[in-house]
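The file coords00.tsv contains TSV, C-alpha atoms and all ligand atoms:
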chain	number	residue	atom	x	y	z
A	33	MET	CA	-37.41	-10.23	-35.35
A	34	ASP	CA	-36.55	-9.18	-38.90
A	35	LEU	CA	-32.81	-9.08	-39.37
A	36	PRO	CA	-30.97	-7.14	-42.06
A	37	GLU	CA	-29.02	-9.03	-44.73
A	38	GLU	CA	-25.72	-7.37	-43.94
A	39	MET	CA	-23.90	-5.85	-41.02
A	40	LEU	CA	-20.75	-3.89	-40.32
A	41	ILE	CA	-17.92	-5.60	-38.46
A	42	SER	CA	-14.45	-4.32	-37.64
A	43	PHE	CA	-11.39	-6.52	-37.82
A	44	ALA	CA	-7.93	-6.15	-36.35
A	45	VAL	CA	-5.88	-7.06	-39.42
A	46	GLY	CA	-2.26	-6.34	-38.53
A	47	PRO	CA	-0.08	-4.54	-35.99
A	48	GLY	CA	-1.93	-1.31	-35.16
A	49	ARG	CA	-4.38	-1.64	-38.06
A	50	MET	CA	-8.12	-2.24	-38.22
A	51	SER	CA	-10.53	-2.52	-41.14
A	52	LEU	CA	-14.31	-2.22	-41.44
A	53	GLU	CA	-16.16	-4.76	-43.55
A	54	GLY	CA	-19.74	-5.57	-44.55
A	55	THR	CA	-20.63	-9.24	-44.03
A	56	GLY	CA	-23.66	-11.41	-43.44
A	57	ILE	CA	-25.21	-11.77	-39.99
A	58	PRO	CA	-23.38	-14.58	-38.10
A	59	ASP	CA	-25.15	-17.87	-37.39
A	60	PRO	CA	-25.13	-18.49	-33.62
A	61	GLY	CA	-26.00	-22.17	-33.93
A	62	ASP	CA	-27.19	-23.29	-30.49
A	63	GLY	CA	-25.88	-20.09	-28.93
A	64	ILE	CA	-27.17	-16.54	-28.94
A	65	LEU	CA	-27.28	-13.84	-31.58
A	66	LEU	CA	-26.68	-10.45	-30.01
A	67	LYS	CA	-27.48	-7.11	-31.60
A	68	VAL	CA	-24.61	-5.11	-30.11
A	69	ALA	CA	-25.77	-1.88	-28.47
A	70	TYR	CA	-22.41	-0.76	-27.09
A	71	CYS	CA	-18.94	-2.14	-26.59
A	72	GLY	CA	-16.39	-0.63	-24.22
A	73	ILE	CA	-12.86	0.06	-25.48
A	74	CYS	CA	-10.17	-1.28	-23.15
A	75	GLY	CA	-6.45	-0.72	-22.72
A	76	SER	CA	-5.98	-4.42	-23.41
A	77	ASP	CA	-7.48	-3.87	-26.89
A	78	ARG	CA	-4.57	-1.52	-27.63
A	79	ARG	CA	-2.03	-4.11	-26.47
A	80	GLN	CA	-3.79	-6.81	-28.49
A	81	LEU	CA	-3.91	-4.66	-31.65
A	82	LEU	CA	-0.27	-3.63	-31.45
A	83	SER	CA	0.90	-7.23	-30.98
A	84	ARG	CA	-1.28	-8.62	-33.79
A	85	ARG	CA	0.68	-10.41	-36.48
A	86	GLU	CA	0.25	-9.52	-40.14
A	87	GLY	CA	-2.67	-11.37	-41.71
A	88	GLU	CA	-4.07	-12.62	-38.35
A	89	LYS	CA	-7.66	-11.45	-38.40
A	90	ASN	CA	-9.84	-11.02	-35.32
A	91	THR	CA	-12.69	-8.91	-34.02
A	92	MET	CA	-11.83	-7.37	-30.67
A	93	GLY	CA	-14.18	-6.01	-28.02
A	94	HIS	CA	-14.95	-7.84	-24.76
A	95	GLU	CA	-17.03	-5.25	-22.88
A	96	VAL	CA	-20.28	-5.96	-24.69
A	97	VAL	CA	-23.90	-4.99	-24.10
A	98	GLY	CA	-26.59	-5.99	-26.55
A	99	GLU	CA	-30.10	-7.18	-27.22
A	100	VAL	CA	-30.68	-10.91	-27.59
A	101	VAL	CA	-32.31	-11.25	-31.02
A	102	ALA	CA	-32.12	-15.04	-31.48
A	103	THR	CA	-31.80	-17.74	-28.85
A	104	PRO	CA	-32.30	-21.28	-30.09
A	105	GLY	CA	-31.04	-22.28	-26.63
A	106	THR	CA	-32.97	-20.29	-24.01
A	107	GLU	CA	-36.20	-18.56	-24.92
A	108	GLU	CA	-36.39	-16.52	-21.70
A	109	LEU	CA	-33.49	-14.36	-22.89
A	110	GLN	CA	-35.25	-13.36	-26.13
A	111	GLY	CA	-35.43	-9.58	-26.45
A	112	ARG	CA	-33.50	-8.94	-23.20
A	113	MET	CA	-30.68	-6.41	-22.98
A	114	VAL	CA	-27.73	-8.36	-21.60
A	115	GLY	CA	-24.07	-8.06	-20.70
A	116	VAL	CA	-21.71	-10.90	-21.51
A	117	ALA	CA	-18.95	-12.03	-19.15
A	118	PRO	CA	-16.21	-12.56	-21.75
A	119	ARG	CA	-14.27	-15.51	-20.32
A	120	ILE	CA	-16.10	-18.73	-21.11
A	121	GLY	CA	-14.77	-21.65	-19.07
A	122	CYS	CA	-14.75	-25.27	-20.29
A	123	GLY	CA	-16.28	-26.49	-17.02
A	124	GLY	CA	-13.97	-29.50	-16.88
A	125	CYS	CA	-10.40	-28.39	-16.13
A	126	SER	CA	-8.97	-27.94	-12.63
A	127	PRO	CA	-9.41	-24.13	-12.38
A	128	CYS	CA	-13.01	-24.49	-13.65
A	129	SER	CA	-13.77	-27.18	-11.07
A	130	ARG	CA	-12.34	-24.87	-8.37
A	131	GLY	CA	-14.80	-22.16	-9.39
A	132	LEU	CA	-12.23	-20.14	-11.31
A	133	PRO	CA	-13.43	-20.19	-14.96
A	134	ASN	CA	-11.47	-16.95	-15.49
A	135	LEU	CA	-8.32	-19.10	-15.25
A	136	CYS	CA	-9.68	-21.96	-17.43
A	137	LYS	CA	-6.99	-23.91	-19.27
A	138	ASN	CA	-9.20	-24.16	-22.38
A	139	THR	CA	-10.82	-20.77	-22.10
A	140	MET	CA	-12.62	-19.05	-24.94
A	141	ILE	CA	-12.52	-15.29	-24.49
A	142	ILE	CA	-14.85	-12.98	-26.37
A	143	GLY	CA	-12.75	-10.55	-28.40
A	144	TYR	CA	-9.89	-13.09	-28.54
A	145	GLN	CA	-10.86	-16.66	-29.48
A	146	VAL	CA	-14.50	-15.63	-30.12
A	147	LEU	CA	-15.28	-12.72	-32.48
A	148	GLY	CA	-15.94	-9.74	-30.21
A	149	GLY	CA	-18.22	-6.75	-29.87
A	150	PHE	CA	-16.65	-4.28	-32.32
A	151	SER	CA	-19.45	-5.32	-34.65
A	152	GLN	CA	-23.18	-4.70	-35.15
A	153	TYR	CA	-24.14	-8.30	-34.42
A	154	MET	CA	-22.23	-11.11	-32.77
A	155	ALA	CA	-22.70	-14.82	-32.12
A	156	ILE	CA	-22.25	-15.98	-28.53
A	157	PRO	CA	-21.33	-19.68	-28.23
A	158	PRO	CA	-23.75	-21.99	-26.35
A	159	GLU	CA	-21.17	-22.70	-23.61
A	160	ALA	CA	-21.69	-19.10	-22.45
A	161	ILE	CA	-25.33	-19.86	-21.57
A	162	GLY	CA	-24.47	-22.86	-19.40
A	163	GLY	CA	-21.53	-21.02	-17.86
A	164	GLY	CA	-23.70	-18.18	-16.57
A	165	ASN	CA	-21.90	-15.67	-18.79
A	166	ILE	CA	-25.10	-14.02	-20.08
A	167	VAL	CA	-26.33	-11.54	-17.47
A	168	PRO	CA	-29.49	-9.46	-18.08
A	169	LEU	CA	-29.10	-5.77	-17.29
A	170	PRO	CA	-30.94	-4.76	-14.11
A	171	GLY	CA	-34.23	-3.03	-14.87
A	172	GLY	CA	-34.06	0.70	-15.34
A	173	ILE	CA	-30.34	1.11	-15.97
A	174	ASP	CA	-29.15	2.85	-19.10
A	175	PRO	CA	-27.82	0.11	-21.44
A	176	ILE	CA	-24.54	1.97	-22.04
A	177	LEU	CA	-23.71	1.52	-18.34
A	178	GLY	CA	-23.59	-2.23	-18.92
A	179	VAL	CA	-20.20	-1.91	-20.68
A	180	LEU	CA	-18.73	-1.16	-17.26
A	181	ALA	CA	-19.78	-4.56	-15.88
A	182	GLU	CA	-16.72	-6.32	-17.33
A	183	PRO	CA	-13.98	-3.95	-16.13
A	184	LEU	CA	-15.83	-3.48	-12.84
A	185	SER	CA	-16.02	-7.24	-12.33
A	186	CYS	CA	-12.22	-7.37	-12.67
A	187	VAL	CA	-11.96	-4.65	-10.00
A	188	ILE	CA	-14.27	-6.69	-7.75
A	189	ASN	CA	-12.04	-9.74	-8.32
A	190	GLY	CA	-8.99	-7.62	-7.48
A	191	LEU	CA	-10.50	-6.32	-4.24
A	192	GLU	CA	-11.69	-9.78	-3.21
A	193	LEU	CA	-8.17	-11.18	-3.74
A	194	SER	CA	-6.36	-8.29	-2.04
A	195	GLY	CA	-8.89	-8.40	0.78
A	196	PRO	CA	-8.51	-4.94	2.34
A	197	GLY	CA	-10.27	-4.75	5.71
A	198	LYS	CA	-12.66	-2.05	6.93
A	199	GLY	CA	-10.79	1.20	7.40
A	200	ASP	CA	-7.51	-0.07	5.90
A	201	SER	CA	-5.43	2.36	3.86
A	202	ILE	CA	-5.43	1.76	0.10
A	203	LEU	CA	-2.96	3.16	-2.42
A	204	VAL	CA	-3.95	3.00	-6.10
A	205	TYR	CA	-1.38	3.52	-8.87
A	206	GLY	CA	-3.07	4.86	-12.00
A	207	ALA	CA	-6.34	6.80	-12.25
A	208	GLY	CA	-7.55	5.62	-15.63
A	209	PRO	CA	-10.93	3.87	-15.77
A	210	MET	CA	-9.70	0.91	-13.69
A	211	GLY	CA	-7.99	3.03	-11.04
A	212	GLN	CA	-11.09	5.22	-10.75
A	213	MET	CA	-13.27	2.14	-10.30
A	214	PHE	CA	-10.91	0.85	-7.59
A	215	THR	CA	-11.18	4.22	-5.88
A	216	ILE	CA	-14.97	4.32	-6.06
A	217	MET	CA	-15.40	0.68	-4.98
A	218	SER	CA	-12.84	1.08	-2.17
A	219	GLY	CA	-15.08	3.84	-0.84
A	220	GLU	CA	-17.41	1.09	0.40
A	221	ILE	CA	-14.57	-0.26	2.60
A	222	THR	CA	-12.54	2.73	3.76
A	223	ARG	CA	-12.12	6.49	3.60
A	224	ASP	CA	-8.32	6.24	3.46
A	225	ILE	CA	-7.64	6.07	-0.29
A	226	CYS	CA	-4.64	7.62	-2.02
A	227	VAL	CA	-4.12	7.77	-5.78
A	228	VAL	CA	-0.88	8.16	-7.79
A	229	GLU	CA	-1.42	9.51	-11.30
A	230	PRO	CA	0.51	11.83	-13.66
A	231	ASP	CA	-2.57	13.41	-15.30
A	232	ARG	CA	-4.00	16.33	-13.36
A	233	SER	CA	-7.61	16.00	-14.55
A	234	ARG	CA	-7.60	12.33	-13.57
A	235	ARG	CA	-6.23	13.18	-10.13
A	236	GLU	CA	-9.00	15.75	-9.70
A	237	PHE	CA	-11.64	13.22	-10.81
A	238	ALA	CA	-10.30	10.73	-8.25
A	239	ILE	CA	-10.45	13.35	-5.48
A	240	SER	CA	-14.05	14.17	-6.33
A	241	HIS	CA	-14.91	10.44	-6.38
A	242	GLY	CA	-13.64	9.26	-3.03
A	243	ALA	CA	-9.84	9.57	-2.98
A	244	THR	CA	-8.49	11.35	0.09
A	245	GLU	CA	-5.25	12.41	-1.59
A	246	ALA	CA	-3.71	12.26	-5.06
A	247	PHE	CA	-0.04	12.59	-6.01
A	248	THR	CA	2.13	12.56	-9.11
A	249	PRO	CA	4.34	9.45	-9.55
A	250	GLY	CA	7.59	9.57	-7.59
A	251	SER	CA	6.30	12.17	-5.11
A	252	ARG	CA	7.96	11.92	-1.68
A	253	GLU	CA	4.61	12.57	-0.05
A	254	ILE	CA	3.00	9.32	-1.21
A	255	PRO	CA	1.97	7.64	2.06
A	256	GLU	CA	2.44	4.01	3.04
A	257	ALA	CA	-0.63	1.81	2.71
A	258	ASP	CA	-1.92	-1.58	3.86
A	259	THR	CA	-3.08	-2.48	0.35
A	260	ILE	CA	-1.38	-1.27	-2.83
A	261	ILE	CA	-3.06	-1.74	-6.20
A	262	VAL	CA	-1.19	-1.15	-9.44
A	263	ALA	CA	-4.05	-0.34	-11.82
A	264	CYS	CA	-1.92	0.82	-14.73
A	265	SER	CA	0.43	-0.74	-17.28
A	266	SER	CA	3.57	0.98	-16.00
A	267	GLU	CA	6.81	-0.84	-15.21
A	268	ARG	CA	7.86	2.05	-12.98
A	269	ALA	CA	4.63	1.76	-10.98
A	270	TYR	CA	5.24	-1.99	-10.52
A	271	GLU	CA	8.75	-1.30	-9.21
A	272	GLU	CA	7.69	1.57	-6.99
A	273	ALA	CA	4.76	-0.37	-5.53
A	274	ILE	CA	7.01	-3.23	-4.41
A	275	GLU	CA	10.02	-1.10	-3.39
A	276	ARG	CA	7.92	1.23	-1.23
A	277	ALA	CA	5.49	-1.33	0.20
A	278	PRO	CA	5.65	-1.27	4.03
A	279	ALA	CA	6.11	-4.50	6.00
A	280	GLY	CA	3.06	-6.72	5.92
A	281	ALA	CA	1.44	-4.95	2.97
A	282	ARG	CA	-0.47	-6.61	0.15
A	283	VAL	CA	0.47	-5.59	-3.40
A	284	ASN	CA	-1.87	-6.37	-6.31
A	285	LEU	CA	-0.16	-6.27	-9.72
A	286	PHE	CA	-3.48	-5.69	-11.46
A	287	GLY	CA	-2.59	-3.88	-14.71
A	288	GLY	CA	-0.94	-6.02	-17.37
A	289	LEU	CA	2.52	-5.26	-18.82
A	290	SER	CA	3.69	-6.11	-22.34
A	291	ASP	CA	6.86	-7.54	-20.77
A	292	GLY	CA	7.18	-8.45	-17.12
A	293	ILE	CA	9.76	-6.95	-14.75
A	294	GLU	CA	12.36	-8.55	-12.50
A	295	ILE	CA	11.67	-8.35	-8.80
A	296	ASN	CA	14.15	-8.53	-5.88
A	297	SER	CA	12.57	-11.36	-3.92
A	298	ASN	CA	14.22	-10.19	-0.68
A	299	LEU	CA	11.96	-7.14	-0.70
A	300	ILE	CA	9.04	-9.55	-0.48
A	301	HIS	CA	10.64	-12.01	1.95
A	302	TYR	CA	11.98	-9.73	4.67
A	303	ARG	CA	9.00	-7.42	4.69
A	304	GLN	CA	6.54	-10.30	4.57
A	305	LEU	CA	4.71	-8.81	1.59
A	306	THR	CA	1.85	-10.54	-0.13
A	307	VAL	CA	2.29	-9.87	-3.85
A	308	HIS	CA	-0.33	-11.22	-6.23
A	309	GLY	CA	-2.05	-10.60	-9.57
A	310	THR	CA	-5.60	-10.52	-10.81
A	311	SER	CA	-6.72	-11.87	-14.16
A	312	GLY	CA	-10.23	-11.25	-15.43
A	313	SER	CA	-13.23	-12.24	-13.35
A	314	THR	CA	-15.86	-14.93	-12.92
A	315	PRO	CA	-19.48	-14.75	-14.12
A	316	GLU	CA	-20.54	-14.37	-10.45
A	317	GLN	CA	-18.33	-11.30	-10.09
A	318	PHE	CA	-19.74	-10.01	-13.39
A	319	ALA	CA	-23.27	-10.32	-11.98
A	320	GLY	CA	-22.03	-8.59	-8.81
A	321	ALA	CA	-20.73	-5.75	-10.97
A	322	MET	CA	-24.20	-5.30	-12.51
A	323	GLU	CA	-25.59	-4.91	-8.97
A	324	ALA	CA	-22.86	-2.41	-8.09
A	325	LEU	CA	-23.81	-0.31	-11.14
A	326	VAL	CA	-27.29	0.09	-9.65
A	327	ARG	CA	-26.01	0.64	-6.09
A	328	ILE	CA	-23.32	3.23	-6.95
A	329	PRO	CA	-24.70	5.68	-9.54
A	330	GLU	CA	-21.48	7.72	-9.74
A	331	LEU	CA	-19.81	4.84	-11.61
A	332	ARG	CA	-21.57	6.11	-14.74
A	333	GLU	CA	-19.24	9.13	-14.78
A	334	ILE	CA	-16.38	6.79	-15.78
A	335	ILE	CA	-17.87	6.76	-19.31
A	336	THR	CA	-16.61	9.95	-20.92
A	337	ASP	CA	-16.68	9.29	-24.68
A	338	THR	CA	-18.81	7.51	-27.28
A	339	VAL	CA	-17.39	6.95	-30.77
A	340	GLY	CA	-18.52	5.33	-34.02
A	341	PHE	CA	-16.58	2.90	-36.22
A	342	GLN	CA	-14.87	5.78	-38.06
A	343	ALA	CA	-12.99	6.80	-34.88
A	344	LEU	CA	-12.50	3.28	-33.49
A	345	GLU	CA	-8.92	2.58	-34.62
A	346	ASP	CA	-7.63	5.96	-33.40
A	347	THR	CA	-9.50	5.58	-30.11
A	348	VAL	CA	-8.11	2.09	-29.50
A	349	LEU	CA	-4.57	3.26	-30.25
A	350	SER	CA	-4.40	6.72	-28.73
A	351	GLY	CA	-7.73	7.63	-27.12
A	352	PRO	CA	-10.76	9.53	-28.38
A	353	PRO	CA	-10.49	12.86	-30.23
A	354	GLY	CA	-10.53	16.18	-28.38
A	355	GLY	CA	-8.94	17.50	-25.20
A	356	GLY	CA	-10.15	17.26	-21.64
A	357	LEU	CA	-10.70	14.29	-19.38
A	358	HIS	CA	-10.99	10.88	-21.08
A	359	LEU	CA	-11.69	7.75	-19.06
A	360	LYS	CA	-13.78	4.94	-20.58
A	361	SER	CA	-14.54	5.26	-24.30
A	362	VAL	CA	-17.41	3.26	-25.77
A	363	LEU	CA	-18.11	2.15	-29.33
A	364	ASP	CA	-21.67	2.69	-30.57
A	365	PRO	CA	-21.66	0.51	-33.72
A	366	TRP	CA	-24.81	2.23	-35.00
A	367	LEU	CA	-23.47	5.82	-34.97
A	401	ZN	ZN	-11.38	-4.77	-20.70
A	402	ZN	ZN	-11.84	-24.94	-17.85
Can you present the structure in this file as structure tokens?
Amino acid sequence: MDLPEEMLISFAVGPGRMSLEGTGIPDPGDGILLKVAYCGICGSDRRQLLSRREGEKNTMGHEVVGEVVATPGTEELQGRMVGVAPRIGCGGCSPCSRGLPNLCKNTMIIGYQVLGGFSQYMAIPPEAIGGGNIVPLPGGIDPILGVLAEPLSCVINGLELSGPGKGDSILVYGAGPMGQMFTIMSGEITRDICVVEPDRSRREFAISHGATEAFTPGSREIPEADTIIVACSSERAYEEAIERAPAGARVNLFGGLSDGIEINSNLIHYRQLTVHGTSGSTPEQFAGAMEALVRIPELREIITDTVGFQALEDTVLSGPPGGGLHLKSVLDPWL
């Protein structure tokens, strides 16, 4: 394939600031060169950009779909449209040997330690091939849908860890893209799903995508549930989820916080709560997410906005332009 001399790449260059540069195409060495088709924009990109120190330069973007344009390593991937599970395990540490490369002690994460997908081309390190991180898109699916594989794989990890049983009641705090995916995926387990969300259009979306009820935060009507998932970065939601959890409930602190909160451990002890977190996902869960995208077509409705580089910084910081319902925004680096 003929490659251009130059490409556009965006850098996070300081707290809340990004820049767009023209550079040469990266050399993937023994890894893979990907022509980025789309890259999802995630709430964690906002947190990463705001906490960036002056002069620290990085390319964010970990929800990548692209075409393999050079593979010195594995010829069978040449020309394939693939998604990339962003956490590349070392294969040797104790979490890796327990099958948890998402918790690797020496992890390389695309969009963090490895230059990410807010770029026209990107180099994927060879360890990603051996680690099973490169997952071809299932035949027939629209490539843009592939950006959902990463966040969806984290939802799958969260549900596997929380382990709700058939017909259990599930309460989801937050109806952003992650909360909506929890709602839709929980629909395969139960019909008893309640959502807590301040934004009316997001509550309505959740109701039309499998939630039985939706309430504003703090409402007295919020029911008790067997499994409670905090799918938003809200300290208040963390507190409420634990304070209101009924005896024997499982609470998944799924959404990350900039600073943690203090918890009264007696609430957990005397009510025999199971409180746990979820961090990322494994390549197997990523592949499972690709299958779910084929099995559950309504997941595509989570993607509400596509932006080019010119709107990237604003979209990362405060969402895409225009009113109405915004869930997952996607960068098209060729717009
Ligand atoms: Zn993400
Ligand atoms: Zn490791």
Using only C-alpha atoms, the residue out of A:Asp77, A:Glu182, A:Asp364, A:Glu229 with shortest distance to Leu203 (chain A) is A:Glu229
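Remark: for Gly111 (chain A), the closest of the candidate residues A:Ile293, A:Leu285, A:Ile142, A:Leu66 is A:Leu66 (distances computed over all atoms listed in the file).
Of note, CA of Val146 (chain A) and CA of Thr91 (chain A) are spaced 8.0 Å apart.
Using all atoms listed in the file, the protein and nucleic acid residues lying no more than 10 Å from Gly250 (chain A), apart from those fewer than 3 places from it along its own chain, are Val228, Glu229, Pro230, Phe247, Glu253, Ile254, Arg268, Ala269 and Glu272 of chain A.
The residue that comes closest to ligand ZN 401 (chain A), out of A:Arg78, A:Arg234, A:Arg84, A:Arg332 and on the basis of all atoms listed in the file, is A:Arg78.
The gap separating CA of Glu267 (chain A) from CA of Leu363 (chain A) is 28.8 Å, in Å to one decimal.
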For Met154 (chain A), which residue among A:Pro170, A:Pro60, A:Gly178, A:Gly199 is the nearest when counting only C-alpha atoms? A:Pro60
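If you count only C-alpha atoms and draw a sphere of 8 Å around (-15.5, -16.7, -12.6), the protein and nucleic acid residues inside it come out as Arg119, Gly131, Leu132, Pro133, Asn134, Ser313, Thr314, Pro315, Glu316, Gln317 and Phe318 of chain A.
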Env of Glu220 (chain A): 10 Å cut, atoms = all atoms listed in the file, seq-sep filter 4 positions within chain, self excluded. Answer as a short mmCIF file (atom, residue, chain, number, x, y, z; two decimals) with C-alpha atoms, keeping the file's coordinate frame.
data_model
loop_
_atom_site.label_atom_id
_atom_site.label_comp_id
_atom_site.auth_asym_id
_atom_site.auth_seq_id
_atom_site.Cartn_x
_atom_site.Cartn_y
_atom_site.Cartn_z
CA LYS A 198 -12.66 -2.05 6.93
CA GLY A 199 -10.79 1.20 7.40
CA THR A 215 -11.18 4.22 -5.88
CA ILE A 216 -14.97 4.32 -6.06
CA GLY A 242 -13.64 9.26 -3.03
CA ILE A 328 -23.32 3.23 -6.95
#
Mind listing the residues within 7 Å of ligand ZN 401 (chain A), all atoms listed in the file counted, as a PyMOL selection string? chain A and resi 73-76+94-95+182-183
Quick one: pull the distance between CA of Ile261 (chain A) and CA of Arg79 (chain A), Å, one decimal. 20.4 Å
Name the residues, by chain letter and number, that sit within 8 Å of ligand ZN 402 (chain A) using all atoms listed in the file, and give them as an MDAnalysis selection string. chainID A and resid 121:129 133 135:139
Shortest interatomic distance to Gly206 (chain A) - which of A:Gly355, A:Gly219, A:Pro365, A:Gly287, counting all atoms listed in the file: A:Gly287
Can you rebuild region 186-212 of chain A with N, CA and C atoms and give it as a PDB file, in the frame of the given file?
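Result file is result.pdb:
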ATOM      1  N   CYS A 186     -13.644  -7.115 -12.905  1.00  0.00           N
ATOM      2  CA  CYS A 186     -12.220  -7.370 -12.670  1.00  0.00           C
ATOM      3  C   CYS A 186     -11.746  -6.621 -11.419  1.00  0.00           C
ATOM      4  N   VAL A 187     -12.276  -5.417 -11.207  1.00  0.00           N
ATOM      5  CA  VAL A 187     -11.960  -4.650 -10.000  1.00  0.00           C
ATOM      6  C   VAL A 187     -12.487  -5.385  -8.765  1.00  0.00           C
ATOM      7  N   ILE A 188     -13.696  -5.929  -8.872  1.00  0.00           N
ATOM      8  CA  ILE A 188     -14.270  -6.690  -7.750  1.00  0.00           C
ATOM      9  C   ILE A 188     -13.393  -7.909  -7.462  1.00  0.00           C
ATOM     10  N   ASN A 189     -12.955  -8.601  -8.514  1.00  0.00           N
ATOM     11  CA  ASN A 189     -12.040  -9.740  -8.320  1.00  0.00           C
ATOM     12  C   ASN A 189     -10.769  -9.278  -7.621  1.00  0.00           C
ATOM     13  N   GLY A 190     -10.217  -8.150  -8.080  1.00  0.00           N
ATOM     14  CA  GLY A 190      -8.990  -7.620  -7.480  1.00  0.00           C
ATOM     15  C   GLY A 190      -9.164  -7.303  -6.000  1.00  0.00           C
ATOM     16  N   LEU A 191     -10.274  -6.681  -5.652  1.00  0.00           N
ATOM     17  CA  LEU A 191     -10.500  -6.320  -4.240  1.00  0.00           C
ATOM     18  C   LEU A 191     -10.759  -7.565  -3.397  1.00  0.00           C
ATOM     19  N   GLU A 192     -11.455  -8.545  -3.964  1.00  0.00           N
ATOM     20  CA  GLU A 192     -11.690  -9.780  -3.210  1.00  0.00           C
ATOM     21  C   GLU A 192     -10.350 -10.482  -2.928  1.00  0.00           C
ATOM     22  N   LEU A 193      -9.461 -10.496  -3.915  1.00  0.00           N
ATOM     23  CA  LEU A 193      -8.170 -11.180  -3.740  1.00  0.00           C
ATOM     24  C   LEU A 193      -7.256 -10.406  -2.787  1.00  0.00           C
ATOM     25  N   SER A 194      -7.229  -9.082  -2.920  1.00  0.00           N
ATOM     26  CA  SER A 194      -6.360  -8.290  -2.040  1.00  0.00           C
ATOM     27  C   SER A 194      -6.915  -8.245  -0.632  1.00  0.00           C
ATOM     28  N   GLY A 195      -8.233  -8.285  -0.519  1.00  0.00           N
ATOM     29  CA  GLY A 195      -8.890  -8.400   0.780  1.00  0.00           C
ATOM     30  C   GLY A 195      -8.639  -7.293   1.765  1.00  0.00           C
ATOM     31  N   PRO A 196      -8.683  -6.003   1.343  1.00  0.00           N
ATOM     32  CA  PRO A 196      -8.510  -4.940   2.340  1.00  0.00           C
ATOM     33  C   PRO A 196      -9.640  -5.002   3.375  1.00  0.00           C
ATOM     34  N   GLY A 197      -9.276  -4.746   4.642  1.00  0.00           N
ATOM     35  CA  GLY A 197     -10.270  -4.750   5.710  1.00  0.00           C
ATOM     36  C   GLY A 197     -10.885  -3.375   5.892  1.00  0.00           C
ATOM     37  N   LYS A 198     -11.975  -3.328   6.635  1.00  0.00           N
ATOM     38  CA  LYS A 198     -12.660  -2.050   6.930  1.00  0.00           C
ATOM     39  C   LYS A 198     -11.672  -1.046   7.492  1.00  0.00           C
ATOM     40  N   GLY A 199     -11.619   0.127   6.878  1.00  0.00           N
ATOM     41  CA  GLY A 199     -10.790   1.200   7.400  1.00  0.00           C
ATOM     42  C   GLY A 199      -9.316   1.101   7.033  1.00  0.00           C
ATOM     43  N   ASP A 200      -8.918   0.034   6.339  1.00  0.00           N
ATOM     44  CA  ASP A 200      -7.510  -0.070   5.900  1.00  0.00           C
ATOM     45  C   ASP A 200      -7.165   1.085   4.962  1.00  0.00           C
ATOM     46  N   SER A 201      -5.865   1.366   4.840  1.00  0.00           N
ATOM     47  CA  SER A 201      -5.430   2.360   3.860  1.00  0.00           C
ATOM     48  C   SER A 201      -5.154   1.670   2.526  1.00  0.00           C
ATOM     49  N   ILE A 202      -5.584   2.322   1.444  1.00  0.00           N
ATOM     50  CA  ILE A 202      -5.430   1.760   0.100  1.00  0.00           C
ATOM     51  C   ILE A 202      -4.720   2.783  -0.771  1.00  0.00           C
ATOM     52  N   LEU A 203      -3.716   2.301  -1.500  1.00  0.00           N
ATOM     53  CA  LEU A 203      -2.960   3.160  -2.420  1.00  0.00           C
ATOM     54  C   LEU A 203      -3.165   2.609  -3.825  1.00  0.00           C
ATOM     55  N   VAL A 204      -3.656   3.451  -4.735  1.00  0.00           N
ATOM     56  CA  VAL A 204      -3.950   3.000  -6.100  1.00  0.00           C
ATOM     57  C   VAL A 204      -3.017   3.720  -7.070  1.00  0.00           C
ATOM     58  N   TYR A 205      -2.220   2.955  -7.805  1.00  0.00           N
ATOM     59  CA  TYR A 205      -1.380   3.520  -8.870  1.00  0.00           C
ATOM     60  C   TYR A 205      -2.193   3.545 -10.158  1.00  0.00           C
ATOM     61  N   GLY A 206      -2.343   4.727 -10.745  1.00  0.00           N
ATOM     62  CA  GLY A 206      -3.070   4.860 -12.000  1.00  0.00           C
ATOM     63  C   GLY A 206      -4.514   5.261 -11.751  1.00  0.00           C
ATOM     64  N   ALA A 207      -4.946   6.349 -12.396  1.00  0.00           N
ATOM     65  CA  ALA A 207      -6.340   6.800 -12.250  1.00  0.00           C
ATOM     66  C   ALA A 207      -6.996   6.887 -13.613  1.00  0.00           C
ATOM     67  N   GLY A 208      -6.756   5.829 -14.425  1.00  0.00           N
ATOM     68  CA  GLY A 208      -7.550   5.620 -15.630  1.00  0.00           C
ATOM     69  C   GLY A 208      -8.878   5.012 -15.205  1.00  0.00           C
ATOM     70  N   PRO A 209      -9.624   4.439 -16.144  1.00  0.00           N
ATOM     71  CA  PRO A 209     -10.930   3.870 -15.770  1.00  0.00           C
ATOM     72  C   PRO A 209     -10.826   2.821 -14.656  1.00  0.00           C
ATOM     73  N   MET A 210      -9.795   1.956 -14.709  1.00  0.00           N
ATOM     74  CA  MET A 210      -9.700   0.910 -13.690  1.00  0.00           C
ATOM     75  C   MET A 210      -9.346   1.507 -12.322  1.00  0.00           C
ATOM     76  N   GLY A 211      -8.372   2.399 -12.299  1.00  0.00           N
ATOM     77  CA  GLY A 211      -7.990   3.030 -11.040  1.00  0.00           C
ATOM     78  C   GLY A 211      -9.151   3.808 -10.426  1.00  0.00           C
ATOM     79  N   GLN A 212      -9.928   4.479 -11.273  1.00  0.00           N
ATOM     80  CA  GLN A 212     -11.090   5.220 -10.750  1.00  0.00           C
ATOM     81  C   GLN A 212     -12.114   4.256 -10.166  1.00  0.00           C
TER      82      GLN A 212
END
